[in-house]
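File shown here: run23.cif, holding mmCIF, C-alpha atoms and all ligand atoms.
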data_target
loop_
_atom_site.group_PDB
_atom_site.id
_atom_site.type_symbol
_atom_site.label_atom_id
_atom_site.label_comp_id
_atom_site.auth_asym_id
_atom_site.auth_seq_id
_atom_site.Cartn_x
_atom_site.Cartn_y
_atom_site.Cartn_z
ATOM 1 C CA MET A 5 14.993 16.415 -24.698
ATOM 2 C CA HIS A 6 11.474 16.629 -26.038
ATOM 3 C CA LEU A 7 11.744 13.473 -28.103
ATOM 4 C CA GLU A 8 13.417 11.677 -25.237
ATOM 5 C CA PHE A 9 10.507 12.645 -23.047
ATOM 6 C CA ILE A 10 7.898 11.378 -25.475
ATOM 7 C CA ASN A 11 9.838 8.138 -25.779
ATOM 8 C CA GLN A 12 9.955 7.779 -22.040
ATOM 9 C CA TRP A 13 6.285 8.546 -21.675
ATOM 10 C CA PHE A 14 5.332 6.094 -24.392
ATOM 11 C CA ARG A 15 7.512 3.416 -22.873
ATOM 12 C CA ASN A 16 5.959 3.877 -19.425
ATOM 13 C CA GLY A 17 2.469 3.725 -20.816
ATOM 14 C CA PHE A 18 3.415 0.631 -22.729
ATOM 15 C CA VAL A 19 5.029 -1.068 -19.745
ATOM 16 C CA ALA A 20 2.094 -0.214 -17.479
ATOM 17 C CA ALA A 21 -0.409 -1.650 -19.943
ATOM 18 C CA TYR A 22 1.782 -4.676 -20.507
ATOM 19 C CA VAL A 23 2.191 -5.406 -16.809
ATOM 20 C CA ALA A 24 -1.509 -4.890 -16.171
ATOM 21 C CA THR A 25 -2.430 -7.291 -18.957
ATOM 22 C CA PHE A 26 -0.018 -10.063 -18.158
ATOM 23 C CA PHE A 27 0.337 -9.713 -14.409
ATOM 24 C CA LEU A 28 -1.459 -12.931 -13.556
ATOM 25 C CA ALA A 29 -1.057 -14.921 -16.696
ATOM 26 C CA CYS A 30 2.575 -15.011 -17.609
ATOM 27 C CA SER A 31 6.095 -14.725 -16.378
ATOM 28 C CA GLN A 32 7.324 -12.116 -18.843
ATOM 29 C CA SER A 33 8.404 -8.890 -17.280
ATOM 30 C CA ALA A 34 8.824 -5.178 -17.739
ATOM 31 C CA GLU A 35 12.423 -5.484 -18.865
ATOM 32 C CA GLU A 36 11.549 -8.018 -21.522
ATOM 33 C CA ALA A 37 9.375 -5.243 -22.897
ATOM 34 C CA GLY A 38 12.543 -3.232 -23.396
ATOM 35 C CA LYS A 39 13.874 -1.848 -20.120
ATOM 36 C CA GLY A 40 15.829 -2.628 -16.988
ATOM 37 C CA ASP A 41 18.691 -4.876 -16.010
ATOM 38 C CA PRO A 42 18.990 -8.517 -16.961
ATOM 39 C CA MET A 43 17.973 -10.977 -14.269
ATOM 40 C CA VAL A 44 20.664 -11.825 -11.814
ATOM 41 C CA SER A 45 20.388 -14.952 -9.775
ATOM 42 C CA ALA A 46 21.598 -14.742 -6.197
ATOM 43 C CA GLY A 47 25.121 -15.727 -5.456
ATOM 44 C CA ASP A 48 26.557 -15.932 -9.001
ATOM 45 C CA SER A 49 28.984 -13.083 -8.461
ATOM 46 C CA GLY A 50 29.801 -13.712 -4.801
ATOM 47 C CA LYS A 51 28.421 -10.242 -4.101
ATOM 48 C CA LEU A 52 25.557 -9.443 -1.762
ATOM 49 C CA GLN A 53 22.381 -9.505 -3.876
ATOM 50 C CA VAL A 54 20.315 -6.397 -3.167
ATOM 51 C CA THR A 55 16.954 -5.612 -4.757
ATOM 52 C CA THR A 56 15.625 -2.039 -4.718
ATOM 53 C CA THR A 57 12.411 -0.394 -5.885
ATOM 54 C CA VAL A 58 13.160 3.129 -7.218
ATOM 55 C CA ASN A 59 16.523 4.356 -8.497
ATOM 56 C CA MET A 60 17.024 6.925 -5.700
ATOM 57 C CA VAL A 61 17.318 3.930 -3.360
ATOM 58 C CA SER A 62 19.614 2.095 -5.804
ATOM 59 C CA ASP A 63 21.914 5.129 -5.678
ATOM 60 C CA LEU A 64 22.069 4.957 -1.872
ATOM 61 C CA VAL A 65 22.832 1.227 -1.937
ATOM 62 C CA ARG A 66 25.533 1.634 -4.602
ATOM 63 C CA GLN A 67 27.191 4.419 -2.635
ATOM 64 C CA VAL A 68 27.213 2.486 0.634
ATOM 65 C CA GLY A 69 27.676 -1.011 -0.792
ATOM 66 C CA GLY A 70 30.358 -0.173 -3.361
ATOM 67 C CA ASP A 71 31.974 -3.295 -4.870
ATOM 68 C CA HIS A 72 30.457 -5.634 -2.302
ATOM 69 C CA VAL A 73 26.905 -5.447 -3.618
ATOM 70 C CA GLU A 74 25.031 -6.202 -6.815
ATOM 71 C CA VAL A 75 21.904 -4.070 -7.190
ATOM 72 C CA THR A 76 18.820 -5.282 -9.057
ATOM 73 C CA GLU A 77 16.226 -2.547 -9.535
ATOM 74 C CA ILE A 78 12.469 -3.005 -9.960
ATOM 75 C CA MET A 79 11.553 0.406 -11.382
ATOM 76 C CA GLY A 80 13.749 2.625 -13.510
ATOM 77 C CA PRO A 81 13.814 6.090 -15.076
ATOM 78 C CA GLY A 82 10.407 7.577 -15.809
ATOM 79 C CA VAL A 83 8.427 4.989 -13.833
ATOM 80 C CA ASP A 84 5.729 6.264 -11.445
ATOM 81 C CA PRO A 85 6.093 4.403 -8.123
ATOM 82 C CA HIS A 86 2.650 5.473 -6.850
ATOM 83 C CA LEU A 87 0.985 3.377 -9.564
ATOM 84 C CA TYR A 88 3.517 0.595 -10.034
ATOM 85 C CA LYS A 89 2.409 -2.984 -9.403
ATOM 86 C CA ALA A 90 4.966 -5.781 -9.089
ATOM 87 C CA SER A 91 4.934 -8.200 -12.018
ATOM 88 C CA ALA A 92 5.516 -11.931 -11.531
ATOM 89 C CA ASN A 93 9.124 -11.377 -12.558
ATOM 90 C CA ASP A 94 9.517 -8.523 -10.071
ATOM 91 C CA VAL A 95 8.374 -10.900 -7.353
ATOM 92 C CA THR A 96 11.093 -13.324 -8.453
ATOM 93 C CA LYS A 97 13.667 -10.516 -8.229
ATOM 94 C CA LEU A 98 12.458 -9.761 -4.708
ATOM 95 C CA GLN A 99 12.529 -13.426 -3.700
ATOM 96 C CA ASN A 100 16.061 -13.859 -5.071
ATOM 97 C CA ALA A 101 17.350 -10.874 -3.099
ATOM 98 C CA GLU A 102 19.380 -11.417 0.036
ATOM 99 C CA ILE A 103 18.238 -7.980 1.205
ATOM 100 C CA ILE A 104 15.647 -5.471 -0.041
ATOM 101 C CA PHE A 105 15.518 -1.670 0.305
ATOM 102 C CA TYR A 106 12.619 0.612 -0.649
ATOM 103 C CA VAL A 107 11.561 4.192 0.165
ATOM 104 C CA GLY A 108 8.463 3.485 2.251
ATOM 105 C CA LEU A 109 5.915 6.033 3.568
ATOM 106 C CA LEU A 110 3.574 4.405 1.001
ATOM 107 C CA LEU A 111 5.519 5.757 -1.996
ATOM 108 C CA GLU A 112 5.434 2.230 -3.427
ATOM 109 C CA GLY A 113 1.800 1.943 -2.341
ATOM 110 C CA LYS A 114 0.837 -0.978 -4.553
ATOM 111 C CA MET A 115 3.930 -2.987 -3.562
ATOM 112 C CA GLU A 116 3.420 -2.729 0.216
ATOM 113 C CA GLU A 117 1.648 -6.062 0.392
ATOM 114 C CA VAL A 118 4.304 -8.113 -1.401
ATOM 115 C CA LEU A 119 7.110 -6.367 0.541
ATOM 116 C CA GLY A 120 5.245 -7.036 3.801
ATOM 117 C CA LYS A 121 4.847 -10.723 2.974
ATOM 118 C CA LEU A 122 8.546 -11.099 2.233
ATOM 119 C CA LYS A 123 9.402 -9.376 5.508
ATOM 120 C CA ASP A 124 7.006 -11.610 7.433
ATOM 121 C CA GLY A 125 8.699 -14.578 5.791
ATOM 122 C CA GLY A 126 12.027 -13.556 7.336
ATOM 123 C CA LYS A 127 13.657 -11.671 4.430
ATOM 124 C CA PRO A 128 15.566 -8.521 5.507
ATOM 125 C CA VAL A 129 13.376 -5.763 4.047
ATOM 126 C CA TYR A 130 14.045 -2.120 4.941
ATOM 127 C CA ALA A 131 12.229 1.103 4.178
ATOM 128 C CA VAL A 132 15.085 3.622 4.073
ATOM 129 C CA THR A 133 12.755 6.185 5.701
ATOM 130 C CA GLN A 134 11.866 3.903 8.629
ATOM 131 C CA ASP A 135 13.968 5.704 11.254
ATOM 132 C CA LEU A 136 13.236 9.315 10.225
ATOM 133 C CA GLN A 137 11.704 11.271 13.081
ATOM 134 C CA LYS A 138 7.981 11.745 12.473
ATOM 135 C CA THR A 139 8.310 15.392 13.510
ATOM 136 C CA LYS A 140 10.562 15.992 10.489
ATOM 137 C CA LEU A 141 8.026 14.540 8.048
ATOM 138 C CA LEU A 142 5.312 16.500 6.247
ATOM 139 C CA ASP A 143 1.689 15.367 6.272
ATOM 140 C CA SER A 144 0.382 13.997 3.000
ATOM 141 C CA GLY A 145 -2.580 16.364 3.202
ATOM 142 C CA GLU A 146 -4.550 13.784 1.244
ATOM 143 C CA TYR A 147 -4.862 10.799 3.551
ATOM 144 C CA GLU A 148 -5.050 10.930 7.318
ATOM 145 C CA ASP A 149 -2.093 9.474 9.245
ATOM 146 C CA HIS A 150 -0.002 9.283 6.094
ATOM 147 C CA PHE A 151 3.160 11.246 5.508
ATOM 148 C CA ASP A 152 4.423 12.803 2.301
ATOM 149 C CA PRO A 153 6.931 10.239 0.941
ATOM 150 C CA HIS A 154 8.997 12.581 -1.320
ATOM 151 C CA VAL A 155 11.781 13.063 1.246
ATOM 152 C CA TRP A 156 14.673 12.799 -1.250
ATOM 153 C CA PHE A 157 14.101 16.412 -2.344
ATOM 154 C CA GLU A 158 15.284 17.708 1.049
ATOM 155 C CA VAL A 159 18.941 16.740 0.876
ATOM 156 C CA PRO A 160 19.660 16.881 4.666
ATOM 157 C CA LEU A 161 16.658 14.604 5.314
ATOM 158 C CA TRP A 162 17.650 12.091 2.624
ATOM 159 C CA LYS A 163 21.136 12.054 4.175
ATOM 160 C CA GLU A 164 19.594 10.541 7.302
ATOM 161 C CA THR A 165 18.400 7.485 5.346
ATOM 162 C CA ILE A 166 22.032 6.417 4.807
ATOM 163 C CA ASP A 167 22.184 4.955 8.339
ATOM 164 C CA VAL A 168 19.455 2.396 7.537
ATOM 165 C CA VAL A 169 21.392 1.235 4.468
ATOM 166 C CA VAL A 170 24.678 1.000 6.420
ATOM 167 C CA ALA A 171 23.009 -0.984 9.225
ATOM 168 C CA GLY A 172 21.100 -3.271 6.844
ATOM 169 C CA LEU A 173 24.103 -4.133 4.681
ATOM 170 C CA SER A 174 26.345 -4.592 7.754
ATOM 171 C CA LYS A 175 23.895 -7.038 9.309
ATOM 172 C CA ALA A 176 23.499 -9.038 6.086
ATOM 173 C CA ASP A 177 27.232 -9.029 5.337
ATOM 174 C CA PRO A 178 29.175 -8.448 8.603
ATOM 175 C CA ASP A 179 32.559 -9.174 6.959
ATOM 176 C CA HIS A 180 32.402 -5.816 5.165
ATOM 177 C CA LYS A 181 30.888 -3.755 7.967
ATOM 178 C CA ALA A 182 33.899 -1.413 8.175
ATOM 179 C CA ASP A 183 33.651 -0.656 4.457
ATOM 180 C CA TYR A 184 29.914 0.015 4.655
ATOM 181 C CA GLU A 185 30.467 2.405 7.544
ATOM 182 C CA ALA A 186 33.284 4.245 5.755
ATOM 183 C CA ASN A 187 31.255 4.481 2.533
ATOM 184 C CA GLY A 188 28.239 5.720 4.492
ATOM 185 C CA LYS A 189 30.349 8.459 6.044
ATOM 186 C CA ALA A 190 31.670 9.498 2.622
ATOM 187 C CA ALA A 191 28.121 9.494 1.177
ATOM 188 C CA LYS A 192 26.970 11.799 3.982
ATOM 189 C CA GLU A 193 29.839 14.208 3.296
ATOM 190 C CA LYS A 194 28.898 14.233 -0.390
ATOM 191 C CA MET A 195 25.334 15.141 0.512
ATOM 192 C CA GLU A 196 26.556 17.927 2.802
ATOM 193 C CA ASP A 197 28.496 19.383 -0.149
ATOM 194 C CA LEU A 198 25.424 18.989 -2.339
ATOM 195 C CA GLN A 199 23.294 20.836 0.208
ATOM 196 C CA MET A 200 25.800 23.716 0.220
ATOM 197 C CA TRP A 201 25.703 23.856 -3.570
ATOM 198 C CA ALA A 202 21.883 23.763 -3.588
ATOM 199 C CA THR A 203 21.542 26.568 -1.058
ATOM 200 C CA GLU A 204 23.958 28.795 -2.981
ATOM 201 C CA LYS A 205 22.260 28.110 -6.312
ATOM 202 C CA VAL A 206 18.766 28.794 -4.945
ATOM 203 C CA ASN A 207 19.997 32.053 -3.413
ATOM 204 C CA GLU A 208 20.525 33.343 -6.969
ATOM 205 C CA LEU A 209 16.720 33.558 -7.115
ATOM 206 C CA PRO A 210 14.950 36.342 -5.176
ATOM 207 C CA VAL A 211 12.506 34.994 -2.570
ATOM 208 C CA GLU A 212 9.462 36.465 -4.370
ATOM 209 C CA LYS A 213 10.277 34.440 -7.505
ATOM 210 C CA ARG A 214 10.437 31.115 -5.644
ATOM 211 C CA LEU A 215 7.127 29.678 -6.781
ATOM 212 C CA LEU A 216 7.145 26.160 -8.217
ATOM 213 C CA VAL A 217 4.134 24.871 -10.192
ATOM 214 C CA THR A 218 4.302 21.210 -11.305
ATOM 215 C CA SER A 219 2.177 18.139 -12.097
ATOM 216 C CA HIS A 220 1.912 16.524 -8.665
ATOM 217 C CA ASP A 221 2.853 17.410 -5.105
ATOM 218 C CA ALA A 222 6.339 15.884 -5.151
ATOM 219 C CA TYR A 223 8.180 19.029 -4.062
ATOM 220 C CA ASN A 224 6.887 20.002 -0.616
ATOM 221 C CA TYR A 225 10.111 18.919 1.101
ATOM 222 C CA PHE A 226 12.017 20.786 -1.596
ATOM 223 C CA GLY A 227 9.893 23.852 -0.865
ATOM 224 C CA ARG A 228 10.562 23.625 2.845
ATOM 225 C CA ALA A 229 14.308 23.120 2.382
ATOM 226 C CA TYR A 230 14.884 25.877 -0.167
ATOM 227 C CA GLY A 231 12.159 28.422 0.567
ATOM 228 C CA PHE A 232 9.800 27.773 -2.352
ATOM 229 C CA LYS A 233 6.048 27.987 -2.403
ATOM 230 C CA VAL A 234 4.955 24.799 -4.164
ATOM 231 C CA VAL A 235 1.745 24.065 -6.065
ATOM 232 C CA GLY A 236 0.971 20.693 -7.677
ATOM 233 C CA LEU A 237 -1.914 20.039 -10.023
ATOM 234 C CA GLN A 238 -2.491 16.542 -8.669
ATOM 235 C CA GLY A 239 -2.071 15.654 -5.008
ATOM 236 C CA ILE A 240 0.736 13.865 -3.173
ATOM 237 C CA SER A 241 0.025 10.682 -5.082
ATOM 238 C CA THR A 242 -0.710 10.486 -8.812
ATOM 239 C CA VAL A 243 -3.530 8.001 -8.207
ATOM 240 C CA SER A 244 -6.245 10.656 -8.552
ATOM 241 C CA GLU A 245 -6.387 12.762 -11.703
ATOM 242 C CA ALA A 246 -6.864 16.510 -11.639
ATOM 243 C CA GLY A 247 -10.445 17.691 -12.055
ATOM 244 C CA LEU A 248 -11.581 20.582 -14.210
ATOM 245 C CA ALA A 249 -12.121 22.855 -11.184
ATOM 246 C CA ASP A 250 -8.494 22.334 -10.094
ATOM 247 C CA ARG A 251 -7.266 23.308 -13.551
ATOM 248 C CA THR A 252 -9.239 26.538 -13.658
ATOM 249 C CA LYS A 253 -8.071 27.462 -10.167
ATOM 250 C CA LEU A 254 -4.458 26.788 -11.080
ATOM 251 C CA VAL A 255 -4.652 28.896 -14.258
ATOM 252 C CA ASP A 256 -6.070 31.817 -12.236
ATOM 253 C CA PHE A 257 -3.405 31.374 -9.588
ATOM 254 C CA ILE A 258 -0.563 31.396 -12.142
ATOM 255 C CA LYS A 259 -1.922 34.589 -13.729
ATOM 256 C CA GLU A 260 -2.416 36.327 -10.388
ATOM 257 C CA GLN A 261 1.055 35.440 -9.146
ATOM 258 C CA LYS A 262 2.662 36.391 -12.491
ATOM 259 C CA VAL A 263 4.553 33.077 -12.566
ATOM 260 C CA LYS A 264 7.017 33.002 -15.460
ATOM 261 C CA SER A 265 7.274 29.242 -16.019
ATOM 262 C CA ILE A 266 5.763 25.989 -14.851
ATOM 263 C CA PHE A 267 7.308 22.516 -15.014
ATOM 264 C CA VAL A 268 6.585 19.004 -16.291
ATOM 265 C CA GLU A 269 7.845 15.888 -14.490
ATOM 266 C CA THR A 270 9.612 12.770 -15.755
ATOM 267 C CA THR A 271 7.193 10.328 -14.106
ATOM 268 C CA VAL A 272 3.879 12.050 -14.903
ATOM 269 C CA ASN A 273 2.117 12.497 -18.268
ATOM 270 C CA PRO A 274 2.868 16.152 -19.258
ATOM 271 C CA ASP A 275 -0.392 16.826 -21.137
ATOM 272 C CA ALA A 276 -2.321 18.450 -18.257
ATOM 273 C CA ILE A 277 0.530 20.830 -17.355
ATOM 274 C CA LYS A 278 1.061 21.718 -21.030
ATOM 275 C CA ALA A 279 -2.634 22.601 -21.382
ATOM 276 C CA ILE A 280 -2.399 24.795 -18.285
ATOM 277 C CA ALA A 281 0.711 26.542 -19.619
ATOM 278 C CA THR A 282 -1.220 27.362 -22.801
ATOM 279 C CA ASP A 283 -4.283 28.652 -20.911
ATOM 280 C CA ALA A 284 -2.224 30.667 -18.434
ATOM 281 C CA GLU A 285 0.090 31.931 -21.213
ATOM 282 C CA VAL A 286 3.311 30.835 -19.509
ATOM 283 C CA THR A 287 6.232 28.749 -20.740
ATOM 284 C CA ILE A 288 7.237 25.232 -19.709
ATOM 285 C CA GLY A 289 10.439 25.872 -17.746
ATOM 286 C CA GLY A 290 11.751 22.355 -18.313
ATOM 287 C CA GLU A 291 11.365 18.771 -17.224
ATOM 288 C CA LEU A 292 12.074 17.945 -13.589
ATOM 289 C CA PHE A 293 12.898 14.585 -12.098
ATOM 290 C CA SER A 294 10.205 13.788 -9.580
ATOM 291 C CA ASP A 295 9.780 10.182 -8.435
ATOM 292 C CA ALA A 296 12.656 8.677 -10.429
ATOM 293 C CA MET A 297 16.154 9.785 -11.443
ATOM 294 C CA GLY A 298 17.476 9.556 -15.018
ATOM 295 C CA GLU A 299 19.263 6.709 -16.783
ATOM 296 C CA LEU A 300 22.647 5.833 -15.277
ATOM 297 C CA GLY A 301 25.303 7.285 -17.599
ATOM 298 C CA GLN A 302 22.917 9.847 -19.170
ATOM 299 C CA MET A 303 25.186 12.914 -19.084
ATOM 300 C CA GLU A 304 24.179 16.594 -18.999
ATOM 301 C CA GLY A 305 26.825 19.296 -18.552
ATOM 302 C CA GLY A 306 29.226 16.885 -16.827
ATOM 303 C CA LEU A 307 26.481 15.513 -14.553
ATOM 304 C CA ASP A 308 25.280 11.915 -14.559
ATOM 305 C CA LEU A 309 21.485 12.237 -14.431
ATOM 306 C CA GLY A 310 21.259 8.649 -13.201
ATOM 307 C CA THR A 311 22.754 9.689 -9.857
ATOM 308 C CA TYR A 312 21.150 11.445 -6.904
ATOM 309 C CA GLU A 313 23.582 14.345 -7.216
ATOM 310 C CA GLY A 314 22.769 14.680 -10.935
ATOM 311 C CA MET A 315 19.025 14.626 -10.239
ATOM 312 C CA ILE A 316 19.174 17.341 -7.578
ATOM 313 C CA LYS A 317 21.525 19.594 -9.554
ATOM 314 C CA HIS A 318 19.488 19.207 -12.758
ATOM 315 C CA ASN A 319 16.261 20.111 -10.961
ATOM 316 C CA ILE A 320 17.618 23.108 -9.086
ATOM 317 C CA SER A 321 19.470 24.522 -12.098
ATOM 318 C CA THR A 322 16.371 24.067 -14.287
ATOM 319 C CA ILE A 323 14.107 25.766 -11.753
ATOM 320 C CA VAL A 324 16.450 28.662 -10.965
ATOM 321 C CA ASN A 325 17.260 29.327 -14.628
ATOM 322 C CA ALA A 326 13.597 29.275 -15.719
ATOM 323 C CA LEU A 327 12.249 31.480 -12.925
ATOM 324 C CA ARG A 328 15.090 33.981 -12.849
HETATM 325 ZN ZN ZN B 401 5.146 11.312 -6.208
#
Here is the file; what I need is its structure written in the form of C-alpha cells.
Amino acid sequence: MHLEFINQWFRNGFVAAYVATFFLACSQSAEEAGKGDPMVSAGDSGKLQVTTTVNMVSDLVRQVGGDHVEVTEIMGPGVDPHLYKASANDVTKLQNAEIIFYVGLLLEGKMEEVLGKLKDGGKPVYAVTQDLQKTKLLDSGEYEDHFDPHVWFEVPLWKETIDVVVAGLSKADPDHKADYEANGKAAKEKMEDLQMWATEKVNELPVEKRLLVTSHDAYNYFGRAYGFKVVGLQGISTVSEAGLADRTKLVDFIKEQKVKSIFVETTVNPDAIKAIATDAEVTIGGELFSDAMGELGQMEGGLDLGTYEGMIKHNISTIVNALR
C-alpha cells in the first residue's frame, strides 16, 4: 500500500510537470507518459463515444450506459481535479466525444473554460451535478457563491446525479433510451443498498469518536451524511497550500480532541499530514480516496477499488476501523 502510494504520488507529480511543460508545444499527452486509456476515435466501435473527466463520473456512465457506450476518461486514479489542466491531447479526446460528462461545481476548475467552449459550440456537455437542488449543497466556505463540489461522498446525493446521465445518454442515443432508463433505475437501487451498508457500518463507531482529520476539505458531505465532524488541513480546493499557523492549530486540535488517527488522501501529497501526525503523536489511519477512485480491477477484500461502491466501502471501513 505504501509503495503503491509513493508510486502514485510520483506519477502524478511527473504527469503534472509534464503537462505543464508541454501543454502548448506538443501533442503528447498524459497517457503517453504512462497512464490512461489508449485513444479511441469516435465511431470505430459503433458505440456512443463518451468522454468523462474524473473516474467517479466514468463509473456513473458505465453503469447507465452499459454495453452501448465507450468511455474515454481524462483523469484517472490519484489525479487531483482541482489542479488539472487539459493537455492538447485531452482537448482532442473532448472534441472526439459525442457527449461529455463532468462533475461541475468548479471541481474541474481549470477545465471549465474548454468545457464551456465545447458546449457553446453545440457539443452535449453535462455537469452531473447541474440539477441538484441548491438547498442540498454545502457552501465552499472559501469562495463566495461557490458550492462544495465533493458531493459523491453523500451517497443519496450522488444517486440524484444518475438522472442527468440517463437523460443525456437517452437524448444522444434515443434508440437505447429504455436500456438507459432501466440501468439508471438499477444503479439507484445499488446506491440505496450502499447507503444502508454505510449507515450500518458507521453506527459501529460511537458518535464521540466520529472525528475525521484529512488533507483537504473533501469530506463535508460525508460528515453531514454520516454524522462526522470533519477537519481538513487545506480548504475545499487544493489550490492553496496550508500555512504554518494552520498546522499548529490542527496539531493542538488533534491533541485536545484526543483523536486516535488521521488520514492521508490518494489525490493529495501526504507529507503535510504525515508531519502533523508526528507532531500530534497520532497514527495515520490509512489512505482514503478523495477526488478520484482507484484503478479499475484493483481488488481489496473482494471489492473493486476502481468502482464507486469500492471507493465508498474502502473509505468507510478504513475510517471506522482506525477510529474504533
Ligand atoms: Zn477536492
Once the PyMOL selection byres (((chain A and resi 75) around 6) and not hetatm) has been applied to the shown file, what residues remain in the selection, as an mmCIF file with C-alpha atoms, keeping the file's coordinate frame?
data_model
loop_
_atom_site.group_PDB
_atom_site.id
_atom_site.type_symbol
_atom_site.label_atom_id
_atom_site.label_comp_id
_atom_site.auth_asym_id
_atom_site.auth_seq_id
_atom_site.Cartn_x
_atom_site.Cartn_y
_atom_site.Cartn_z
ATOM 1 C CA VAL A 54 20.315 -6.397 -3.167
ATOM 2 C CA THR A 55 16.954 -5.612 -4.757
ATOM 3 C CA GLU A 74 25.031 -6.202 -6.815
ATOM 4 C CA THR A 76 18.820 -5.282 -9.057
#
> If we count all atoms listed in the file, what is near Gln134 of chain A at a cut-off of 10 Å, once residues fewer than 4 positions away on the same chain are taken out, given as an NGL selection string?
Replying inline: :A and (106-109 or 130 or 138 or 165 or 168)
Write the selection just made, keeping C-alpha atoms, as an mmCIF file, in the frame of the given file?
data_model
loop_
_atom_site.group_PDB
_atom_site.id
_atom_site.type_symbol
_atom_site.label_atom_id
_atom_site.label_comp_id
_atom_site.auth_asym_id
_atom_site.auth_seq_id
_atom_site.Cartn_x
_atom_site.Cartn_y
_atom_site.Cartn_z
ATOM 1 C CA TYR A 106 12.619 0.612 -0.649
ATOM 2 C CA VAL A 107 11.561 4.192 0.165
ATOM 3 C CA GLY A 108 8.463 3.485 2.251
ATOM 4 C CA LEU A 109 5.915 6.033 3.568
ATOM 5 C CA TYR A 130 14.045 -2.120 4.941
ATOM 6 C CA LYS A 138 7.981 11.745 12.473
ATOM 7 C CA THR A 165 18.400 7.485 5.346
ATOM 8 C CA VAL A 168 19.455 2.396 7.537
#
> Which of these, A:Ile277, A:Leu198, A:Ala182, A:Tyr230, has the shortest distance to Asp250 of chain A once you count only C-alpha atoms?
Replying inline: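 Once distances to Asp250 of chain A are computed over only C-alpha atoms, the minimum belongs to A:Ile277.
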>> What does the list of residues within 8 Å of ligand ZN 401 (chain B) look like if you count all atoms listed in the file, written as an MDAnalysis selection string?
In response: chainID A and resid 84:86 111 153:154 220:222 240:242 294:295
Output the selection as an mmCIF file, in the frame of the given file - C-alpha atoms for each residue.
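result.cif written:
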data_model
loop_
_atom_site.group_PDB
_atom_site.id
_atom_site.type_symbol
_atom_site.label_atom_id
_atom_site.label_comp_id
_atom_site.auth_asym_id
_atom_site.auth_seq_id
_atom_site.Cartn_x
_atom_site.Cartn_y
_atom_site.Cartn_z
ATOM 1 C CA ASP A 84 5.729 6.264 -11.445
ATOM 2 C CA PRO A 85 6.093 4.403 -8.123
ATOM 3 C CA HIS A 86 2.650 5.473 -6.850
ATOM 4 C CA LEU A 111 5.519 5.757 -1.996
ATOM 5 C CA PRO A 153 6.931 10.239 0.941
ATOM 6 C CA HIS A 154 8.997 12.581 -1.320
ATOM 7 C CA HIS A 220 1.912 16.524 -8.665
ATOM 8 C CA ASP A 221 2.853 17.410 -5.105
ATOM 9 C CA ALA A 222 6.339 15.884 -5.151
ATOM 10 C CA ILE A 240 0.736 13.865 -3.173
ATOM 11 C CA SER A 241 0.025 10.682 -5.082
ATOM 12 C CA THR A 242 -0.710 10.486 -8.812
ATOM 13 C CA SER A 294 10.205 13.788 -9.580
ATOM 14 C CA ASP A 295 9.780 10.182 -8.435
#
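For the pair atom CA of Leu161 of chain A and atom CA of Lys89 of chain A, the interatomic distance is 27.0 Å.
Candidate residues A:Val206, A:Val234, A:Met60, A:Ile320 were compared for distance to Ser219 of chain A, and the nearest is A:Val234, using all atoms listed in the file.
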>> If we count all atoms listed in the file and set the cut-off at 9 Å, which residues sit around Gln67 of chain A, ignoring sequence neighbours fewer than 5 positions away in its own chain? Please answer as a list in words.
In response: Ser62, Tyr184, Asn187, Gly188, Ala190 and Ala191 of chain A
Keeping only C-alpha atoms, take the residues you just selected and write them out as a PDB file, in the frame of the given file.
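Once written, result_11.pdb looks like this:
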ATOM      1  CA  SER A  62      19.614   2.095  -5.804  1.00  0.00           C
ATOM      2  CA  TYR A 184      29.914   0.015   4.655  1.00  0.00           C
ATOM      3  CA  ASN A 187      31.255   4.481   2.533  1.00  0.00           C
ATOM      4  CA  GLY A 188      28.239   5.720   4.492  1.00  0.00           C
ATOM      5  CA  ALA A 190      31.670   9.498   2.622  1.00  0.00           C
ATOM      6  CA  ALA A 191      28.121   9.494   1.177  1.00  0.00           C
TER       7      ALA A 191
END
> Any chance you could work out the residue set of the PyMOL selection byres (((chain A and resi 78) around 12) and not hetatm) here, as a PyMOL selection string?
Replying inline: chain A and resi 33-35+39-43+54-62+75-77+79-81+83-85+88-98+101+104-106+112+115+296
>> If we count only C-alpha atoms and set the cut-off at 6 Å, which residues sit around Val268 of chain A, ignoring sequence neighbours fewer than 5 positions away in its own chain? Please answer as a PyMOL selection string.
In response: chain A and resi 218+274+291
> Can you list what the PyMOL selection byres (((chain A and resi 235) around 10) and not hetatm) grabs from this structure, as an MDAnalysis selection string?
Replying inline: chainID A and resid 215:224 227 232:234 236:239 254 257:258 266
> Hey, can you check how far atom CA of Ser49 of chain A sits from atom CA of Gly120 of chain A?
Replying inline: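 Going from atom CA of Ser49 of chain A over to atom CA of Gly120 of chain A, I get 27.4 Å.
You will find atom CA of Glu313 of chain A at 10.9 Å from atom CA of Leu64 of chain A.
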For Lys278 of chain A, find every residue with an atom within 10 Å (counting all atoms listed in the file), except residues of its own chain fewer than 3 positions away, and show them as a PDB file with C-alpha atoms, keeping the file's coordinate frame.
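Wrote it out as out.pdb, contents follow:
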ATOM      1  CA  SER A 219       2.177  18.139 -12.097  1.00  0.00           C
ATOM      2  CA  ILE A 266       5.763  25.989 -14.851  1.00  0.00           C
ATOM      3  CA  PHE A 267       7.308  22.516 -15.014  1.00  0.00           C
ATOM      4  CA  VAL A 268       6.585  19.004 -16.291  1.00  0.00           C
ATOM      5  CA  ASN A 273       2.117  12.497 -18.268  1.00  0.00           C
ATOM      6  CA  PRO A 274       2.868  16.152 -19.258  1.00  0.00           C
ATOM      7  CA  ASP A 275      -0.392  16.826 -21.137  1.00  0.00           C
ATOM      8  CA  ALA A 281       0.711  26.542 -19.619  1.00  0.00           C
ATOM      9  CA  THR A 282      -1.220  27.362 -22.801  1.00  0.00           C
ATOM     10  CA  ASP A 283      -4.283  28.652 -20.911  1.00  0.00           C
ATOM     11  CA  ALA A 284      -2.224  30.667 -18.434  1.00  0.00           C
ATOM     12  CA  VAL A 286       3.311  30.835 -19.509  1.00  0.00           C
ATOM     13  CA  THR A 287       6.232  28.749 -20.740  1.00  0.00           C
ATOM     14  CA  ILE A 288       7.237  25.232 -19.709  1.00  0.00           C
TER      15      ILE A 288
END
>> So, with only C-alpha atoms as the atoms that count, which of A:Arg66, A:Lys205, A:Arg214, A:Lys51 lies closest to Leu300 of chain A?
In response: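 The answer is A:Arg66, which sits nearest to Leu300 of chain A.
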